[in-house]
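The file coords09.cif contains mmCIF, N, CA and C atoms:
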data_upload
#
loop_
_atom_site.label_atom_id
_atom_site.label_comp_id
_atom_site.auth_asym_id
_atom_site.auth_seq_id
_atom_site.Cartn_x
_atom_site.Cartn_y
_atom_site.Cartn_z
N MET D 173 0.84 -1.18 0.00
CA MET D 173 0.00 0.00 0.00
C MET D 173 0.88 1.25 0.00
N ALA D 174 0.48 2.28 -0.71
CA ALA D 174 1.24 3.51 -0.79
C ALA D 174 0.91 4.44 0.38
N GLN D 175 1.87 5.28 0.70
CA GLN D 175 1.69 6.32 1.71
C GLN D 175 2.00 7.66 1.06
N LEU D 176 1.57 8.73 1.68
CA LEU D 176 1.69 10.06 1.10
C LEU D 176 2.86 10.82 1.72
N ALA D 177 3.82 11.20 0.88
CA ALA D 177 4.93 12.03 1.33
C ALA D 177 4.59 13.48 1.01
N GLN D 178 5.06 14.37 1.87
CA GLN D 178 4.86 15.79 1.61
C GLN D 178 6.12 16.54 2.02
N VAL D 179 6.44 17.56 1.24
CA VAL D 179 7.52 18.48 1.57
C VAL D 179 6.98 19.89 1.44
N ASN D 180 7.38 20.75 2.35
CA ASN D 180 7.10 22.17 2.17
C ASN D 180 8.31 22.95 2.60
N VAL D 181 8.52 24.08 1.93
CA VAL D 181 9.66 24.94 2.21
C VAL D 181 9.16 26.33 2.54
N SER D 182 9.90 27.00 3.40
CA SER D 182 9.58 28.36 3.81
C SER D 182 10.86 29.16 3.91
N LEU D 183 10.83 30.39 3.42
CA LEU D 183 11.98 31.29 3.51
C LEU D 183 11.91 32.07 4.81
N GLN D 184 12.90 31.89 5.65
CA GLN D 184 12.92 32.54 6.96
C GLN D 184 13.09 34.05 6.83
N ARG D 185 12.47 34.78 7.73
CA ARG D 185 12.67 36.23 7.81
C ARG D 185 14.03 36.56 8.41
N ALA D 186 14.55 35.67 9.22
CA ALA D 186 15.82 35.91 9.93
C ALA D 186 16.43 34.56 10.30
N PRO D 187 17.70 34.56 10.71
CA PRO D 187 18.29 33.30 11.19
C PRO D 187 17.51 32.76 12.39
N MET D 188 17.57 31.47 12.60
CA MET D 188 16.81 30.82 13.68
C MET D 188 17.09 31.43 15.05
N ARG D 189 18.30 31.88 15.29
CA ARG D 189 18.65 32.43 16.61
C ARG D 189 18.13 33.85 16.82
N HIS D 190 17.66 34.48 15.77
CA HIS D 190 17.16 35.86 15.87
C HIS D 190 15.81 35.87 16.57
N ARG D 191 15.53 36.93 17.31
CA ARG D 191 14.27 37.02 18.07
C ARG D 191 13.04 36.96 17.17
N THR D 192 13.17 37.35 15.92
CA THR D 192 12.05 37.27 14.98
C THR D 192 11.53 35.85 14.87
N MET D 193 12.41 34.87 14.98
CA MET D 193 12.05 33.46 14.79
C MET D 193 11.68 32.76 16.10
N ALA D 194 11.70 33.49 17.22
CA ALA D 194 11.49 32.86 18.54
C ALA D 194 10.17 32.12 18.63
N GLY D 195 9.10 32.67 18.10
CA GLY D 195 7.80 32.00 18.18
C GLY D 195 7.78 30.71 17.39
N PHE D 196 8.42 30.71 16.23
CA PHE D 196 8.51 29.49 15.43
C PHE D 196 9.34 28.44 16.16
N VAL D 197 10.49 28.85 16.66
CA VAL D 197 11.38 27.91 17.37
C VAL D 197 10.66 27.31 18.57
N ALA D 198 9.94 28.15 19.32
CA ALA D 198 9.23 27.65 20.50
C ALA D 198 8.11 26.68 20.13
N ALA D 199 7.49 26.88 18.98
CA ALA D 199 6.36 26.04 18.57
C ALA D 199 6.80 24.76 17.89
N PHE D 200 8.02 24.69 17.40
CA PHE D 200 8.42 23.58 16.55
C PHE D 200 8.28 22.22 17.23
N ASP D 201 8.89 22.03 18.37
CA ASP D 201 8.83 20.71 19.02
C ASP D 201 7.42 20.33 19.45
N PRO D 202 6.65 21.23 20.04
CA PRO D 202 5.27 20.85 20.37
C PRO D 202 4.44 20.46 19.15
N VAL D 203 4.63 21.16 18.04
CA VAL D 203 3.88 20.82 16.82
C VAL D 203 4.38 19.49 16.25
N ALA D 204 5.67 19.24 16.32
CA ALA D 204 6.20 17.95 15.86
C ALA D 204 5.63 16.81 16.70
N ARG D 205 5.50 17.02 18.01
CA ARG D 205 4.88 16.00 18.88
C ARG D 205 3.41 15.81 18.52
N LEU D 206 2.72 16.91 18.27
CA LEU D 206 1.31 16.84 17.87
C LEU D 206 1.16 16.04 16.58
N ALA D 207 2.04 16.29 15.62
CA ALA D 207 1.99 15.52 14.37
C ALA D 207 2.21 14.05 14.65
N ALA D 208 3.24 13.73 15.43
CA ALA D 208 3.58 12.33 15.72
C ALA D 208 2.44 11.60 16.41
N GLU D 209 1.61 12.33 17.14
CA GLU D 209 0.48 11.72 17.85
C GLU D 209 -0.80 11.73 17.02
N SER D 210 -0.75 12.31 15.84
CA SER D 210 -1.94 12.43 14.99
C SER D 210 -2.23 11.13 14.26
N PRO D 211 -3.51 10.78 14.14
CA PRO D 211 -3.87 9.59 13.36
C PRO D 211 -3.36 9.73 11.93
N GLY D 212 -2.74 8.69 11.44
CA GLY D 212 -2.25 8.68 10.07
C GLY D 212 -0.83 9.15 9.90
N PHE D 213 -0.23 9.69 10.95
CA PHE D 213 1.17 10.11 10.86
C PHE D 213 2.05 8.88 10.75
N VAL D 214 3.06 8.94 9.89
CA VAL D 214 3.99 7.82 9.71
C VAL D 214 5.41 8.20 10.11
N TRP D 215 5.91 9.35 9.59
CA TRP D 215 7.33 9.67 9.75
C TRP D 215 7.57 11.14 9.50
N HIS D 216 8.58 11.69 10.19
CA HIS D 216 9.00 13.07 10.00
C HIS D 216 10.51 13.11 9.93
N HIS D 217 11.05 13.70 8.89
CA HIS D 217 12.50 13.87 8.80
C HIS D 217 12.93 14.86 9.87
N ARG D 218 13.94 14.48 10.64
CA ARG D 218 14.47 15.37 11.68
C ARG D 218 15.97 15.48 11.52
N SER D 219 16.47 16.68 11.59
CA SER D 219 17.91 16.90 11.60
C SER D 219 18.37 16.95 13.06
N ASP D 220 19.62 17.23 13.28
CA ASP D 220 20.13 17.33 14.65
C ASP D 220 19.42 18.42 15.44
N THR D 221 19.00 19.49 14.76
CA THR D 221 18.34 20.59 15.45
C THR D 221 16.82 20.42 15.46
N GLY D 222 16.33 19.38 14.82
CA GLY D 222 14.89 19.15 14.76
C GLY D 222 14.31 19.58 13.44
N HIS D 223 14.75 20.69 12.91
CA HIS D 223 14.25 21.17 11.63
C HIS D 223 15.41 21.25 10.65
N THR D 224 15.12 21.10 9.39
CA THR D 224 16.15 21.15 8.37
C THR D 224 16.19 22.56 7.81
N VAL D 225 17.35 23.17 7.84
CA VAL D 225 17.52 24.51 7.31
C VAL D 225 18.56 24.44 6.21
N LEU D 226 18.18 24.91 5.03
CA LEU D 226 19.10 24.97 3.91
C LEU D 226 19.47 26.42 3.67
N ASP D 227 20.75 26.69 3.51
CA ASP D 227 21.15 28.04 3.16
C ASP D 227 21.00 28.20 1.66
N ASP D 228 20.48 29.34 1.27
CA ASP D 228 20.49 29.67 -0.14
C ASP D 228 20.91 31.11 -0.26
N GLU D 229 21.06 31.58 -1.49
CA GLU D 229 21.62 32.91 -1.70
C GLU D 229 20.72 34.02 -1.16
N ARG D 230 19.44 33.77 -0.97
CA ARG D 230 18.53 34.81 -0.49
C ARG D 230 18.37 34.74 1.02
N ARG D 231 17.91 33.62 1.50
CA ARG D 231 17.60 33.43 2.92
C ARG D 231 17.66 31.94 3.22
N PRO D 232 17.87 31.60 4.48
CA PRO D 232 17.75 30.18 4.84
C PRO D 232 16.31 29.70 4.62
N GLN D 233 16.18 28.44 4.28
CA GLN D 233 14.87 27.83 4.08
C GLN D 233 14.66 26.73 5.13
N VAL D 234 13.47 26.69 5.68
CA VAL D 234 13.08 25.57 6.52
C VAL D 234 12.41 24.56 5.60
N VAL D 235 12.84 23.32 5.68
CA VAL D 235 12.27 22.24 4.88
C VAL D 235 11.59 21.26 5.83
N ASN D 236 10.30 21.04 5.60
CA ASN D 236 9.53 20.09 6.40
C ASN D 236 9.19 18.91 5.50
N LEU D 237 9.57 17.71 5.92
CA LEU D 237 9.37 16.50 5.13
C LEU D 237 8.72 15.44 6.01
N THR D 238 7.53 15.00 5.61
CA THR D 238 6.80 14.01 6.39
C THR D 238 6.18 12.96 5.48
N VAL D 239 5.77 11.85 6.09
CA VAL D 239 5.02 10.80 5.40
C VAL D 239 3.77 10.52 6.23
N TRP D 240 2.64 10.39 5.52
CA TRP D 240 1.33 10.17 6.13
C TRP D 240 0.66 8.97 5.50
N ARG D 241 -0.27 8.38 6.22
CA ARG D 241 -1.02 7.23 5.71
C ARG D 241 -1.81 7.62 4.46
N ASP D 242 -2.40 8.83 4.48
CA ASP D 242 -3.26 9.25 3.38
C ASP D 242 -3.48 10.76 3.45
N TYR D 243 -4.14 11.31 2.43
CA TYR D 243 -4.38 12.74 2.40
C TYR D 243 -5.32 13.21 3.51
N PRO D 244 -6.42 12.54 3.81
CA PRO D 244 -7.27 13.02 4.90
C PRO D 244 -6.53 13.17 6.23
N SER D 245 -5.61 12.28 6.53
CA SER D 245 -4.83 12.39 7.77
C SER D 245 -3.95 13.64 7.76
N LEU D 246 -3.28 13.88 6.64
CA LEU D 246 -2.45 15.07 6.51
C LEU D 246 -3.30 16.33 6.63
N HIS D 247 -4.41 16.37 5.91
CA HIS D 247 -5.29 17.54 5.92
C HIS D 247 -5.81 17.83 7.33
N GLU D 248 -6.20 16.81 8.03
CA GLU D 248 -6.71 16.98 9.40
C GLU D 248 -5.65 17.63 10.29
N PHE D 249 -4.43 17.15 10.22
CA PHE D 249 -3.37 17.72 11.02
C PHE D 249 -3.06 19.16 10.61
N VAL D 250 -2.87 19.39 9.32
CA VAL D 250 -2.44 20.70 8.84
C VAL D 250 -3.47 21.78 9.15
N TYR D 251 -4.74 21.50 8.90
CA TYR D 251 -5.75 22.55 8.96
C TYR D 251 -6.69 22.49 10.16
N ARG D 252 -6.82 21.36 10.80
CA ARG D 252 -7.81 21.23 11.86
C ARG D 252 -7.22 21.10 13.27
N SER D 253 -5.92 20.89 13.36
CA SER D 253 -5.27 20.79 14.67
C SER D 253 -4.72 22.17 15.06
N ASP D 254 -4.02 22.24 16.17
CA ASP D 254 -3.37 23.49 16.59
C ASP D 254 -2.36 23.98 15.56
N HIS D 255 -1.88 23.09 14.71
CA HIS D 255 -0.98 23.50 13.63
C HIS D 255 -1.63 24.57 12.76
N GLY D 256 -2.92 24.42 12.49
CA GLY D 256 -3.64 25.39 11.66
C GLY D 256 -3.62 26.79 12.26
N ARG D 257 -3.69 26.89 13.57
CA ARG D 257 -3.61 28.19 14.25
C ARG D 257 -2.25 28.84 14.00
N LEU D 258 -1.20 28.04 13.99
CA LEU D 258 0.13 28.57 13.72
C LEU D 258 0.30 28.99 12.27
N LEU D 259 -0.38 28.30 11.36
CA LEU D 259 -0.32 28.70 9.95
C LEU D 259 -0.76 30.15 9.78
N LEU D 260 -1.70 30.57 10.57
CA LEU D 260 -2.20 31.95 10.48
C LEU D 260 -1.13 32.96 10.86
N ARG D 261 -0.09 32.53 11.57
CA ARG D 261 0.99 33.42 12.01
C ARG D 261 2.24 33.30 11.14
N ARG D 262 2.19 32.52 10.08
CA ARG D 262 3.41 32.22 9.31
C ARG D 262 4.12 33.47 8.78
N THR D 263 3.37 34.54 8.48
CA THR D 263 4.03 35.74 7.95
C THR D 263 4.91 36.44 8.99
N GLU D 264 4.73 36.11 10.26
CA GLU D 264 5.62 36.65 11.30
C GLU D 264 7.04 36.10 11.13
N TRP D 265 7.13 34.87 10.67
CA TRP D 265 8.41 34.15 10.63
C TRP D 265 8.96 33.92 9.23
N PHE D 266 8.08 33.94 8.23
CA PHE D 266 8.51 33.56 6.89
C PHE D 266 8.12 34.59 5.85
N LEU D 267 8.97 34.72 4.85
CA LEU D 267 8.72 35.61 3.72
C LEU D 267 7.84 34.89 2.70
N PRO D 268 7.25 35.64 1.77
CA PRO D 268 6.54 34.96 0.68
C PRO D 268 7.50 34.01 -0.04
N THR D 269 7.04 32.81 -0.29
CA THR D 269 7.86 31.75 -0.87
C THR D 269 7.36 31.46 -2.27
N PRO D 270 8.28 31.21 -3.22
CA PRO D 270 7.80 30.83 -4.56
C PRO D 270 6.81 29.68 -4.46
N GLN D 271 5.77 29.78 -5.26
CA GLN D 271 4.70 28.78 -5.21
C GLN D 271 4.80 27.81 -6.38
N PRO D 272 4.35 26.62 -6.19
CA PRO D 272 3.89 26.08 -4.92
C PRO D 272 5.06 25.86 -3.96
N SER D 273 4.76 25.93 -2.68
CA SER D 273 5.79 25.71 -1.66
C SER D 273 5.65 24.32 -1.04
N THR D 274 4.63 23.59 -1.47
CA THR D 274 4.38 22.24 -0.96
C THR D 274 4.21 21.28 -2.13
N ALA D 275 4.80 20.11 -2.02
CA ALA D 275 4.61 19.04 -3.00
C ALA D 275 4.25 17.76 -2.28
N LEU D 276 3.38 16.98 -2.90
CA LEU D 276 2.97 15.67 -2.39
C LEU D 276 3.30 14.62 -3.44
N TRP D 277 3.55 13.39 -3.00
CA TRP D 277 3.74 12.27 -3.90
C TRP D 277 3.58 10.99 -3.10
N TRP D 278 3.32 9.91 -3.81
CA TRP D 278 3.12 8.61 -3.17
C TRP D 278 4.44 7.88 -3.05
N VAL D 279 4.63 7.23 -1.90
CA VAL D 279 5.81 6.40 -1.66
C VAL D 279 5.34 5.02 -1.20
N ALA D 280 6.17 4.04 -1.39
CA ALA D 280 5.86 2.69 -0.91
C ALA D 280 5.93 2.66 0.61
N ASP D 281 5.16 1.77 1.21
CA ASP D 281 5.22 1.59 2.66
C ASP D 281 6.67 1.41 3.08
N GLY D 282 7.07 2.12 4.11
CA GLY D 282 8.43 1.99 4.63
C GLY D 282 9.44 2.87 3.94
N GLU D 283 9.10 3.48 2.82
CA GLU D 283 10.05 4.36 2.13
C GLU D 283 10.15 5.68 2.88
N ARG D 284 11.38 6.15 3.06
CA ARG D 284 11.65 7.42 3.73
C ARG D 284 12.44 8.30 2.77
N PRO D 285 11.78 9.26 2.12
CA PRO D 285 12.49 10.09 1.14
C PRO D 285 13.54 10.97 1.82
N THR D 286 14.57 11.29 1.06
CA THR D 286 15.60 12.21 1.54
C THR D 286 15.16 13.64 1.23
N VAL D 287 15.80 14.59 1.87
CA VAL D 287 15.51 16.00 1.59
C VAL D 287 15.80 16.29 0.12
N GLU D 288 16.88 15.76 -0.41
CA GLU D 288 17.23 15.99 -1.81
C GLU D 288 16.14 15.45 -2.74
N GLN D 289 15.64 14.25 -2.47
CA GLN D 289 14.56 13.68 -3.28
C GLN D 289 13.30 14.54 -3.18
N ALA D 290 13.00 15.00 -1.98
CA ALA D 290 11.81 15.82 -1.77
C ALA D 290 11.90 17.14 -2.53
N LEU D 291 13.06 17.79 -2.46
CA LEU D 291 13.22 19.06 -3.17
C LEU D 291 13.17 18.86 -4.68
N ALA D 292 13.62 17.71 -5.15
CA ALA D 292 13.50 17.41 -6.59
C ALA D 292 12.03 17.28 -6.98
N ARG D 293 11.21 16.70 -6.12
CA ARG D 293 9.77 16.60 -6.39
C ARG D 293 9.14 17.99 -6.43
N LEU D 294 9.54 18.85 -5.51
CA LEU D 294 9.01 20.21 -5.50
C LEU D 294 9.42 20.96 -6.77
N ARG D 295 10.67 20.82 -7.18
CA ARG D 295 11.12 21.46 -8.44
C ARG D 295 10.31 20.93 -9.62
N HIS D 296 10.07 19.63 -9.64
CA HIS D 296 9.29 19.03 -10.72
C HIS D 296 7.89 19.64 -10.76
N LEU D 297 7.26 19.77 -9.62
CA LEU D 297 5.92 20.37 -9.56
C LEU D 297 5.95 21.80 -10.06
N ARG D 298 6.93 22.57 -9.65
CA ARG D 298 7.03 23.97 -10.09
C ARG D 298 7.25 24.08 -11.59
N GLU D 299 8.02 23.16 -12.15
CA GLU D 299 8.34 23.23 -13.58
C GLU D 299 7.27 22.63 -14.48
N HIS D 300 6.56 21.59 -14.00
CA HIS D 300 5.64 20.84 -14.87
C HIS D 300 4.19 20.87 -14.42
N GLY D 301 3.92 21.44 -13.26
CA GLY D 301 2.57 21.41 -12.73
C GLY D 301 2.27 20.03 -12.15
N PRO D 302 1.04 19.82 -11.70
CA PRO D 302 0.68 18.55 -11.06
C PRO D 302 0.78 17.36 -12.03
N THR D 303 1.48 16.34 -11.58
CA THR D 303 1.63 15.08 -12.32
C THR D 303 1.66 13.96 -11.28
N PRO D 304 1.64 12.71 -11.70
CA PRO D 304 1.80 11.63 -10.71
C PRO D 304 3.14 11.71 -9.96
N GLN D 305 4.14 12.33 -10.58
CA GLN D 305 5.46 12.49 -9.97
C GLN D 305 5.41 13.41 -8.74
N ALA D 306 4.59 14.46 -8.82
CA ALA D 306 4.44 15.43 -7.73
C ALA D 306 3.18 16.23 -7.97
N PHE D 307 2.41 16.42 -6.92
CA PHE D 307 1.17 17.17 -7.06
C PHE D 307 1.01 18.08 -5.85
N SER D 308 0.04 18.96 -5.93
CA SER D 308 -0.13 19.97 -4.89
C SER D 308 -1.27 19.58 -3.93
N LEU D 309 -1.42 20.38 -2.92
CA LEU D 309 -2.52 20.19 -1.97
C LEU D 309 -3.87 20.36 -2.66
N ARG D 310 -3.89 21.17 -3.69
CA ARG D 310 -5.16 21.46 -4.37
C ARG D 310 -5.49 20.49 -5.49
N ARG D 311 -4.47 19.85 -6.06
CA ARG D 311 -4.71 18.95 -7.20
C ARG D 311 -3.92 17.68 -7.03
#
Produce structure tokens that represent the structure in this file.
Amino acid sequence: MAQLAQVNVSLQRAPMRHRTMAGFVAAFDPVARLAAESPGFVWHHRSDTGHTVLDDERRPQVVNLTVWRDYPSLHEFVYRSDHGRLLLRRTEWFLPTPQPSTALWWVADGERPTVEQALARLRHLREHGPTPQAFSLRR
């Protein structure tokens, strides 16, 4: 049976240690625990600091990579849990990000995509639009 992988990227307003990011940093671990306890949650990529930050020429990016049993489970967590309340505050911590900023794709049970594989899926979605290779939350 297939499971649903998702990646989303966000451009930080400031480095993680800056006071601008304090609310995000404080919320990260509790939200990660909430996700892990959510029905349908399978896996979350974690770096040594908990979140993956990639440096790029503009700003550091936070990369969130998870695997879920199915789309309804992901949707419930993202929009109906306390995570949804934090989404309303995202402009405090993140700059407008090239869209789409989220990509979804199906993986085999037990497959754990790498950050590099996930970012390749997001690039594919941005370049080709929704396909079986990568699709958006809306399509």
Within 6.5 Å of Arg298 of chain D, counting only N, CA and C atoms, which residues qualify if same-chain residues fewer than 3 places away don't, as an mmCIF file with N, CA and C atoms, in the frame of the given file?
data_model
loop_
_atom_site.group_PDB
_atom_site.id
_atom_site.type_symbol
_atom_site.label_atom_id
_atom_site.label_comp_id
_atom_site.auth_asym_id
_atom_site.auth_seq_id
_atom_site.Cartn_x
_atom_site.Cartn_y
_atom_site.Cartn_z
ATOM 1 N N GLN D 271 5.770 29.780 -5.260
ATOM 2 C CA GLN D 271 4.700 28.780 -5.210
ATOM 3 C C GLN D 271 4.800 27.810 -6.380
ATOM 4 N N PRO D 272 4.350 26.620 -6.190
ATOM 5 C CA PRO D 272 3.890 26.080 -4.920
ATOM 6 C C PRO D 272 5.060 25.860 -3.960
ATOM 7 N N ARG D 293 11.210 16.700 -6.120
ATOM 8 C CA ARG D 293 9.770 16.600 -6.390
ATOM 9 C C ARG D 293 9.140 17.990 -6.430
ATOM 10 N N LEU D 294 9.540 18.850 -5.510
ATOM 11 C CA LEU D 294 9.010 20.210 -5.500
ATOM 12 C C LEU D 294 9.420 20.960 -6.770
ATOM 13 N N ARG D 295 10.670 20.820 -7.180
ATOM 14 C CA ARG D 295 11.120 21.460 -8.440
ATOM 15 C C ARG D 295 10.310 20.930 -9.620
ATOM 16 N N GLY D 301 3.920 21.440 -13.260
ATOM 17 C CA GLY D 301 2.570 21.410 -12.730
ATOM 18 C C GLY D 301 2.270 20.030 -12.150
#
Just say which residues the PyMOL selection byres (((chain D and resi 245 and name CA) around 12) and name CA) picks in this file, as a PyMOL selection string.
-> chain D and resi 175-178+207-214+238-244+246-253
Name the residues of segment 193-272 of chain D that fall into strand (DSSP E or B) according to DSSP on the backbone, using the chain letters and numbers of this document, as a ChimeraX atom specification.
-> /D:213-216,224-226,233-240,266-267
D:Val203, D:Val287, D:Thr303, D:Arg185: which is nearest Thr263 of chain D, counting all atoms listed in the file?
->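 Checking each of D:Val203, D:Val287, D:Thr303, D:Arg185 against Thr263 of chain D, counting all atoms listed in the file, the winner is D:Arg185.
In this structure, atom N of Gln233 of chain D sits 6.9 Å away from atom C of Gln184 of chain D.
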DSSP helix (DSSP H, G or I) residues within chain D, listed as an MDAnalysis selection string = chainID D and resid 191:208 243:252 254:259 262:265 287:300
Rebuild segment 275-296 of chain D to N, CA, C and O atoms - output it as an mmCIF file, in the coordinates of the input, please.
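selection17.cif written:
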data_model
loop_
_atom_site.group_PDB
_atom_site.id
_atom_site.type_symbol
_atom_site.label_atom_id
_atom_site.label_comp_id
_atom_site.auth_asym_id
_atom_site.auth_seq_id
_atom_site.Cartn_x
_atom_site.Cartn_y
_atom_site.Cartn_z
ATOM 1 N N ALA D 275 4.800 20.110 -2.020
ATOM 2 C CA ALA D 275 4.610 19.040 -3.000
ATOM 3 C C ALA D 275 4.250 17.760 -2.280
ATOM 4 O O ALA D 275 4.736 17.492 -1.175
ATOM 5 N N LEU D 276 3.380 16.980 -2.900
ATOM 6 C CA LEU D 276 2.970 15.670 -2.390
ATOM 7 C C LEU D 276 3.300 14.620 -3.440
ATOM 8 O O LEU D 276 3.283 14.909 -4.644
ATOM 9 N N TRP D 277 3.550 13.390 -3.000
ATOM 10 C CA TRP D 277 3.740 12.270 -3.900
ATOM 11 C C TRP D 277 3.580 10.990 -3.100
ATOM 12 O O TRP D 277 3.687 10.992 -1.886
ATOM 13 N N TRP D 278 3.320 9.910 -3.810
ATOM 14 C CA TRP D 278 3.120 8.610 -3.170
ATOM 15 C C TRP D 278 4.440 7.880 -3.050
ATOM 16 O O TRP D 278 5.278 7.933 -3.952
ATOM 17 N N VAL D 279 4.630 7.230 -1.900
ATOM 18 C CA VAL D 279 5.810 6.400 -1.660
ATOM 19 C C VAL D 279 5.340 5.020 -1.200
ATOM 20 O O VAL D 279 4.241 4.873 -0.666
ATOM 21 N N ALA D 280 6.170 4.040 -1.390
ATOM 22 C CA ALA D 280 5.860 2.690 -0.910
ATOM 23 C C ALA D 280 5.930 2.660 0.610
ATOM 24 O O ALA D 280 6.665 3.432 1.231
ATOM 25 N N ASP D 281 5.160 1.770 1.210
ATOM 26 C CA ASP D 281 5.220 1.590 2.660
ATOM 27 C C ASP D 281 6.670 1.410 3.080
ATOM 28 O O ASP D 281 7.414 0.625 2.473
ATOM 29 N N GLY D 282 7.070 2.120 4.110
ATOM 30 C CA GLY D 282 8.430 1.990 4.630
ATOM 31 C C GLY D 282 9.440 2.870 3.940
ATOM 32 O O GLY D 282 10.565 3.014 4.431
ATOM 33 N N GLU D 283 9.100 3.480 2.820
ATOM 34 C CA GLU D 283 10.050 4.360 2.130
ATOM 35 C C GLU D 283 10.150 5.680 2.880
ATOM 36 O O GLU D 283 9.158 6.259 3.291
ATOM 37 N N ARG D 284 11.380 6.150 3.060
ATOM 38 C CA ARG D 284 11.650 7.420 3.730
ATOM 39 C C ARG D 284 12.440 8.300 2.770
ATOM 40 O O ARG D 284 13.642 8.124 2.603
ATOM 41 N N PRO D 285 11.780 9.260 2.120
ATOM 42 C CA PRO D 285 12.490 10.090 1.140
ATOM 43 C C PRO D 285 13.540 10.970 1.820
ATOM 44 O O PRO D 285 13.401 11.360 2.981
ATOM 45 N N THR D 286 14.570 11.290 1.060
ATOM 46 C CA THR D 286 15.600 12.210 1.540
ATOM 47 C C THR D 286 15.160 13.640 1.230
ATOM 48 O O THR D 286 14.264 13.870 0.402
ATOM 49 N N VAL D 287 15.800 14.590 1.870
ATOM 50 C CA VAL D 287 15.510 16.000 1.590
ATOM 51 C C VAL D 287 15.800 16.290 0.120
ATOM 52 O O VAL D 287 15.021 16.988 -0.547
ATOM 53 N N GLU D 288 16.880 15.760 -0.410
ATOM 54 C CA GLU D 288 17.230 15.990 -1.810
ATOM 55 C C GLU D 288 16.140 15.450 -2.740
ATOM 56 O O GLU D 288 15.749 16.110 -3.718
ATOM 57 N N GLN D 289 15.640 14.250 -2.470
ATOM 58 C CA GLN D 289 14.560 13.680 -3.280
ATOM 59 C C GLN D 289 13.300 14.540 -3.180
ATOM 60 O O GLN D 289 12.624 14.783 -4.173
ATOM 61 N N ALA D 290 13.000 15.000 -1.980
ATOM 62 C CA ALA D 290 11.810 15.820 -1.770
ATOM 63 C C ALA D 290 11.900 17.140 -2.530
ATOM 64 O O ALA D 290 10.939 17.571 -3.176
ATOM 65 N N LEU D 291 13.060 17.790 -2.460
ATOM 66 C CA LEU D 291 13.220 19.060 -3.170
ATOM 67 C C LEU D 291 13.170 18.860 -4.680
ATOM 68 O O LEU D 291 12.681 19.728 -5.401
ATOM 69 N N ALA D 292 13.620 17.710 -5.150
ATOM 70 C CA ALA D 292 13.500 17.410 -6.590
ATOM 71 C C ALA D 292 12.030 17.280 -6.980
ATOM 72 O O ALA D 292 11.621 17.729 -8.060
ATOM 73 N N ARG D 293 11.210 16.700 -6.120
ATOM 74 C CA ARG D 293 9.770 16.600 -6.390
ATOM 75 C C ARG D 293 9.140 17.990 -6.430
ATOM 76 O O ARG D 293 8.298 18.279 -7.289
ATOM 77 N N LEU D 294 9.540 18.850 -5.510
ATOM 78 C CA LEU D 294 9.010 20.210 -5.500
ATOM 79 C C LEU D 294 9.420 20.960 -6.770
ATOM 80 O O LEU D 294 8.594 21.648 -7.384
ATOM 81 N N ARG D 295 10.670 20.820 -7.180
ATOM 82 C CA ARG D 295 11.120 21.460 -8.440
ATOM 83 C C ARG D 295 10.310 20.930 -9.620
ATOM 84 O O ARG D 295 9.900 21.694 -10.498
ATOM 85 N N HIS D 296 10.070 19.630 -9.640
ATOM 86 C CA HIS D 296 9.290 19.030 -10.720
ATOM 87 C C HIS D 296 7.890 19.640 -10.760
ATOM 88 O O HIS D 296 7.387 19.991 -11.834
#
